[in-house]
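A.B. asks: This is query-v9.pdb (PDB, C-alpha atoms and all ligand atoms).
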```pdb
MODEL        1
ATOM      1  CA  MET A   1    -160.585  32.035 170.143
ATOM      2  CA  PRO A   2    -159.410  35.356 171.642
ATOM      3  CA  GLU A   3    -161.969  38.143 172.029
ATOM      4  CA  LEU A   4    -159.422  40.757 171.014
ATOM      5  CA  ASP A   5    -158.366  41.426 167.440
ATOM      6  CA  LEU A   6    -155.188  43.198 168.496
ATOM      7  CA  ALA A   7    -153.170  43.751 171.673
ATOM      8  CA  VAL A   8    -150.626  46.553 171.821
ATOM      9  CA  ARG A   9    -148.304  45.566 174.622
ATOM     10  CA  GLY A  10    -145.804  47.299 176.850
ATOM     11  CA  GLY A  11    -146.202  50.863 175.615
ATOM     12  CA  THR A  12    -146.541  54.092 177.545
ATOM     13  CA  VAL A  13    -150.210  54.905 177.017
ATOM     14  CA  VAL A  14    -151.200  58.567 176.966
ATOM     15  CA  THR A  15    -154.848  59.362 177.697
ATOM     16  CA  ALA A  16    -156.659  62.588 178.535
ATOM     17  CA  SER A  17    -156.168  61.893 182.249
ATOM     18  CA  GLU A  18    -152.906  59.977 182.644
ATOM     19  CA  THR A  19    -149.714  58.567 181.191
ATOM     20  CA  ARG A  20    -148.743  55.045 182.240
ATOM     21  CA  LEU A  21    -147.375  51.730 181.097
ATOM     22  CA  ALA A  22    -150.302  49.634 179.890
ATOM     23  CA  ASP A  23    -151.466  47.229 177.241
ATOM     24  CA  VAL A  24    -154.269  48.209 174.883
ATOM     25  CA  GLY A  25    -156.821  45.686 173.654
ATOM     26  CA  ILE A  26    -158.713  46.315 170.430
ATOM     27  CA  ALA A  27    -161.845  44.508 169.262
ATOM     28  CA  GLY A  28    -164.028  45.421 166.331
ATOM     29  CA  GLY A  29    -161.882  48.422 165.522
ATOM     30  CA  ARG A  30    -162.324  49.985 168.971
ATOM     31  CA  ILE A  31    -160.298  50.088 172.162
ATOM     32  CA  SER A  32    -162.000  47.608 174.456
ATOM     33  CA  ALA A  33    -159.462  47.122 177.237
ATOM     34  CA  LEU A  34    -156.701  49.132 178.858
ATOM     35  CA  GLY A  35    -154.239  47.805 181.412
ATOM     36  CA  GLU A  36    -153.574  44.086 181.448
ATOM     37  CA  VAL A  37    -155.374  42.642 178.462
ATOM     38  CA  GLY A  38    -155.959  39.057 177.439
ATOM     39  CA  GLU A  39    -155.042  37.055 174.388
ATOM     40  CA  ALA A  40    -155.422  38.594 170.955
ATOM     41  CA  ARG A  41    -155.307  37.330 167.379
ATOM     42  CA  ALA A  42    -152.473  39.775 166.650
ATOM     43  CA  GLU A  43    -149.988  41.569 168.858
ATOM     44  CA  LEU A  44    -147.740  44.595 168.589
ATOM     45  CA  ASP A  45    -144.779  45.232 170.845
ATOM     46  CA  ALA A  46    -144.829  48.908 171.841
ATOM     47  CA  SER A  47    -142.048  48.669 174.420
ATOM     48  CA  GLY A  48    -140.213  51.978 174.592
ATOM     49  CA  LEU A  49    -142.906  53.747 172.551
ATOM     50  CA  PHE A  50    -145.751  56.101 173.335
ATOM     51  CA  VAL A  51    -149.249  54.871 172.485
ATOM     52  CA  LEU A  52    -151.476  57.827 171.650
ATOM     53  CA  PRO A  53    -155.224  57.759 171.037
ATOM     54  CA  GLY A  54    -154.831  59.849 167.892
ATOM     55  CA  VAL A  55    -153.436  63.254 167.128
ATOM     56  CA  VAL A  56    -155.455  66.239 165.915
ATOM     57  CA  ASP A  57    -153.649  68.578 163.528
ATOM     58  CA  ALA A  58    -155.628  71.777 163.934
ATOM     59  CA  HIS A  59    -153.862  73.764 161.218
ATOM     60  CA  THR A  60    -153.703  72.373 157.704
ATOM     61  CA  HIS A  61    -153.986  73.888 154.221
ATOM     62  CA  LEU A  62    -155.055  71.085 151.892
ATOM     63  CA  ASP A  63    -155.781  71.734 148.215
ATOM     64  CA  ALA A  64    -155.605  75.429 149.043
ATOM     65  CA  GLN A  65    -154.784  78.566 147.095
ATOM     66  CA  ALA A  66    -153.446  81.784 148.616
ATOM     67  CA  LEU A  67    -155.234  83.786 145.911
ATOM     68  CA  PRO A  68    -157.506  82.906 142.976
ATOM     69  CA  GLY A  69    -155.370  81.581 140.131
ATOM     70  CA  ALA A  70    -152.364  80.915 142.365
ATOM     71  CA  PRO A  71    -150.852  77.420 142.531
ATOM     72  CA  ARG A  72    -152.520  74.994 144.903
ATOM     73  CA  THR A  73    -150.746  73.480 147.881
ATOM     74  CA  ALA A  74    -148.856  70.267 147.157
ATOM     75  CA  ASP A  75    -151.245  68.037 149.095
ATOM     76  CA  ASP A  76    -154.919  67.642 148.406
ATOM     77  CA  PHE A  77    -157.320  66.027 150.854
ATOM     78  CA  GLU A  78    -156.351  62.524 149.770
ATOM     79  CA  SER A  79    -152.560  62.788 149.858
ATOM     80  CA  GLY A  80    -152.570  65.132 152.849
ATOM     81  CA  THR A  81    -154.760  62.939 155.006
ATOM     82  CA  ILE A  82    -152.865  59.793 154.005
ATOM     83  CA  ALA A  83    -149.637  61.496 155.085
ATOM     84  CA  ALA A  84    -151.323  62.608 158.304
ATOM     85  CA  ALA A  85    -152.518  59.097 159.066
ATOM     86  CA  CYS A  86    -149.005  57.743 158.550
ATOM     87  CA  GLY A  87    -147.860  60.128 161.276
ATOM     88  CA  GLY A  88    -150.569  59.134 163.747
ATOM     89  CA  VAL A  89    -152.918  62.009 162.992
ATOM     90  CA  THR A  90    -156.552  60.917 163.066
ATOM     91  CA  THR A  91    -158.204  64.317 162.509
ATOM     92  CA  VAL A  92    -157.228  67.432 160.578
ATOM     93  CA  VAL A  93    -158.816  70.852 160.881
ATOM     94  CA  ASP A  94    -158.253  72.620 157.594
ATOM     95  CA  TYR A  95    -158.527  76.265 156.606
ATOM     96  CA  ALA A  96    -161.347  77.073 154.223
ATOM     97  CA  ARG A  97    -160.109  80.261 152.643
ATOM     98  CA  GLN A  98    -162.571  82.860 151.437
ATOM     99  CA  HIS A  99    -161.256  84.689 148.408
ATOM    100  CA  PRO A 100    -162.198  88.318 147.736
ATOM    101  CA  GLY A 101    -165.566  88.680 146.066
ATOM    102  CA  ARG A 102    -166.883  85.336 147.280
ATOM    103  CA  SER A 103    -169.305  84.825 150.105
ATOM    104  CA  LEU A 104    -168.481  82.773 153.149
ATOM    105  CA  ALA A 105    -171.120  80.272 152.077
ATOM    106  CA  GLU A 106    -169.435  79.905 148.664
ATOM    107  CA  ALA A 107    -166.069  79.408 150.338
ATOM    108  CA  ALA A 108    -167.521  76.704 152.588
ATOM    109  CA  GLN A 109    -169.204  74.944 149.656
ATOM    110  CA  ASP A 110    -165.985  75.017 147.631
ATOM    111  CA  TRP A 111    -163.998  73.666 150.555
ATOM    112  CA  CYS A 112    -166.505  70.863 151.184
ATOM    113  CA  ALA A 113    -166.396  69.866 147.506
ATOM    114  CA  ARG A 114    -162.585  69.631 147.608
ATOM    115  CA  ALA A 115    -162.667  67.441 150.724
ATOM    116  CA  GLU A 116    -165.645  65.220 149.903
ATOM    117  CA  GLY A 117    -164.710  61.619 149.194
ATOM    118  CA  LYS A 118    -160.964  62.204 149.407
ATOM    119  CA  ALA A 119    -160.075  62.369 153.092
ATOM    120  CA  VAL A 120    -159.085  59.063 154.695
ATOM    121  CA  ILE A 121    -159.314  60.362 158.271
ATOM    122  CA  ASP A 122    -161.732  62.654 160.093
ATOM    123  CA  TYR A 123    -161.605  66.280 159.057
ATOM    124  CA  GLY A 124    -163.163  69.588 159.847
ATOM    125  CA  GLY A 125    -162.907  73.047 158.450
ATOM    126  CA  ARG A 126    -162.399  76.489 159.797
ATOM    127  CA  ASP A 127    -162.348  79.835 158.129
ATOM    128  CA  ARG A 128    -160.268  82.881 158.749
ATOM    129  CA  LEU A 129    -162.854  84.756 160.823
ATOM    130  CA  LEU A 130    -160.934  84.075 164.009
ATOM    131  CA  ARG A 131    -157.809  85.760 162.689
ATOM    132  CA  ARG A 132    -159.432  89.062 161.735
ATOM    133  CA  GLN A 133    -159.982  91.103 164.833
ATOM    134  CA  SER A 134    -159.246  94.770 164.391
ATOM    135  CA  GLY A 135    -159.566  97.806 162.132
ATOM    136  CA  ARG A 136    -160.203  97.139 158.482
ATOM    137  CA  ARG A 137    -160.167  93.427 159.106
ATOM    138  CA  ALA A 138    -162.944  93.755 161.690
ATOM    139  CA  GLU A 139    -165.053  95.528 159.070
ATOM    140  CA  ARG A 140    -164.454  92.637 156.736
ATOM    141  CA  ARG A 141    -165.445  90.189 159.449
ATOM    142  CA  GLY A 142    -168.722  92.041 159.806
ATOM    143  CA  ARG A 143    -169.311  91.753 156.092
ATOM    144  CA  TRP A 144    -168.638  88.032 156.211
ATOM    145  CA  LEU A 145    -171.012  87.559 159.073
ATOM    146  CA  SER A 146    -173.762  89.442 157.256
ATOM    147  CA  GLN A 147    -173.432  87.025 154.346
ATOM    148  CA  LEU A 148    -174.185  83.940 156.407
TER     149      LEU A 148
HETATM  150 ZN    ZN A 201    -151.420  78.247 158.042
ENDMDL
END
```
Take the structure I supplied and represent it as structure tokens, if you would.
Ligand SMILES: [Zn+2]
C.D. replies:
Amino acid sequence: MPELDLAVRGGTVVTASETRLADVGIAGGRISALGEVGEARAELDASGLFVLPGVVDAHTHLDAQALPGAPRTADDFESGTIAAACGGVTTVVDYARQHPGRSLAEAAQDWCARAEGKAVIDYGGRDRLLRRQSGRRAERRGRWLSQL
């Protein structure tokens, strides 16, 4: 019986260090061989296709509101991550928006509650601190930081 569960054959494999024609062997849900791989219980022909290790979408707004009381985005963490997975995305980094009058900790807790148990791929969160860098916004950043 073959050791591999799946062989993806003939694709152009893209790794962190190179791009080349190679087969990919998968066993137990993990990549176990790259290059020429042996027999597998199932095979996919990737000829003419790129084989990527997984895409990270570092800018999503899932189940988000621009302002309190405003409509939420169309996708929540379940539908949004299912759609992402269908496109080859294995990780999303979502914005955890802090609304006026709420602490950063409250914003993070709210965001975690909306994501918990719904995402079907890996996910992480980020807030808007990185976007506020000058003038009045810098003052606000300081206030956020003092609330941590
Ligand atoms: Zn955005």
A.B. asks: Please measure the separation of atom CA of A:Gly88 and atom CA of A:Ile121, giving the value in Å to one decimal.
C.D. replies: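 If I compute the distance from atom CA of A:Gly88 to atom CA of A:Ile121, I get 10.4 Å.
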A.B. asks: Restricting the calculation to all atoms listed in the file, which member of A:Leu4, A:Val89, A:Ala74, A:Ala96 is positioned closest to A:Pro53?
C.D. replies: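 Among A:Leu4, A:Val89, A:Ala74, A:Ala96, it is A:Val89 that comes nearest to A:Pro53.
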A.B. asks: I'd like a table as CSV: residues in chain A with an atom no more than 8 Å from ligand ZN 201 (chain A), each row giving the shortest atom pair and its distance in Å to one decimal, only C-alpha atoms and all ligand atoms counted, sorted by chain and rising residue number.
C.D. replies:
```
residue,atom,partner,partner_atom,distance
A:His59,CA,A:ZN201,ZN,6.0
A:Thr60,CA,A:ZN201,ZN,6.3
A:His61,CA,A:ZN201,ZN,6.3
A:Tyr95,CA,A:ZN201,ZN,7.5
```
A.B. asks: Every residue with an atom at most 8 Å from (-160.0, 36.7, 168.5) (file coordinates; all atoms listed in the file) is what I'm after, so could you write them as a ChimeraX atom specification?
C.D. replies: /A:1-5,39-41
A.B. asks: What does the distance between atom CA of A:Asp110 and atom CA of A:Gly80 come to in Å, to one decimal place?
C.D. replies: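 Between atom CA of A:Asp110 and atom CA of A:Gly80 the gap works out to 17.5 Å.
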A.B. asks: With distances taken over only C-alpha atoms, which residue among A:Val13, A:Val51, A:Leu62, A:Val93 lies nearest A:Gly35?
C.D. replies: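 Closest residue, counting only C-alpha atoms: A:Val13.
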A.B. asks: One decimal, Å: what's the distance from atom CA of A:Gln98 over to atom CA of A:Glu116, could you say?
C.D. replies: 18.0 Å
A.B. asks: Considering only C-alpha atoms, state which residue in the set A:Ile82, A:Asp45, A:Phe50, A:Val37 is at the smallest distance from A:Arg20.
C.D. replies: A:Phe50
A.B. asks: Any chance you could work out the residue set of the PyMOL selection byres (((chain A and resi 33) around 12) and not hetatm) here, as a compact mmCIF listing (two decimals) with C-alpha atoms, in the coordinates of the input?
C.D. replies:
```
# COMPACT_ATOMS: atom_id res chain seq x y z
CA GLU A 3 -161.97 38.14 172.03
CA LEU A 4 -159.42 40.76 171.01
CA ASP A 5 -158.37 41.43 167.44
CA LEU A 6 -155.19 43.20 168.50
CA ALA A 7 -153.17 43.75 171.67
CA VAL A 8 -150.63 46.55 171.82
CA ARG A 9 -148.30 45.57 174.62
CA ALA A 22 -150.30 49.63 179.89
CA ASP A 23 -151.47 47.23 177.24
CA VAL A 24 -154.27 48.21 174.88
CA GLY A 25 -156.82 45.69 173.65
CA ILE A 26 -158.71 46.32 170.43
CA ALA A 27 -161.84 44.51 169.26
CA GLY A 28 -164.03 45.42 166.33
CA ARG A 30 -162.32 49.98 168.97
CA ILE A 31 -160.30 50.09 172.16
CA SER A 32 -162.00 47.61 174.46
CA LEU A 34 -156.70 49.13 178.86
CA GLY A 35 -154.24 47.80 181.41
CA GLU A 36 -153.57 44.09 181.45
CA VAL A 37 -155.37 42.64 178.46
CA GLY A 38 -155.96 39.06 177.44
CA GLU A 39 -155.04 37.06 174.39
CA ALA A 40 -155.42 38.59 170.96
```
A.B. asks: With 12 Å as the threshold, what does the neighbourhood of (-153.9, 76.0, 145.7) contain in terms of residues, counting only C-alpha atoms? Coordinates are those of the file; answer as a ChimeraX atom specification.
C.D. replies: /A:61-77,95-97,99,111,114
A.B. asks: Taking into account only C-alpha atoms, which residue in the set A:Ser79, A:Ser47, A:Thr19, A:Thr12 is nearest to A:Lys118?
C.D. replies: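 Closest to A:Lys118, using only C-alpha atoms: A:Ser79.
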A.B. asks: Given the PyMOL selection byres (((chain A and resi 58) around 10) and not hetatm) and the file above, list the residues it selects as a ChimeraX atom specification.
C.D. replies: /A:55-57,59-60,91-95,123-126
A.B. asks: Name the closest residue to A:Glu78 among the candidates A:Ala16, A:Leu21, A:Gly10, A:Ala115; distances are taken between atoms, counting all atoms listed in the file.
C.D. replies: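 Looking at the shortest contact to A:Glu78, the residue is A:Ala115.
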A.B. asks: Can you report as JSON the centre and edge lengths in Å, to one decimal, of an axis-aligned box around the listed atoms of stretch 70-88 of chain A padded with 6 Å on each side?
C.D. replies:
```
{"center_x": -152.6, "center_y": 69.3, "center_z": 153.1, "size_x": 21.5, "size_y": 35.2, "size_z": 33.4}
```
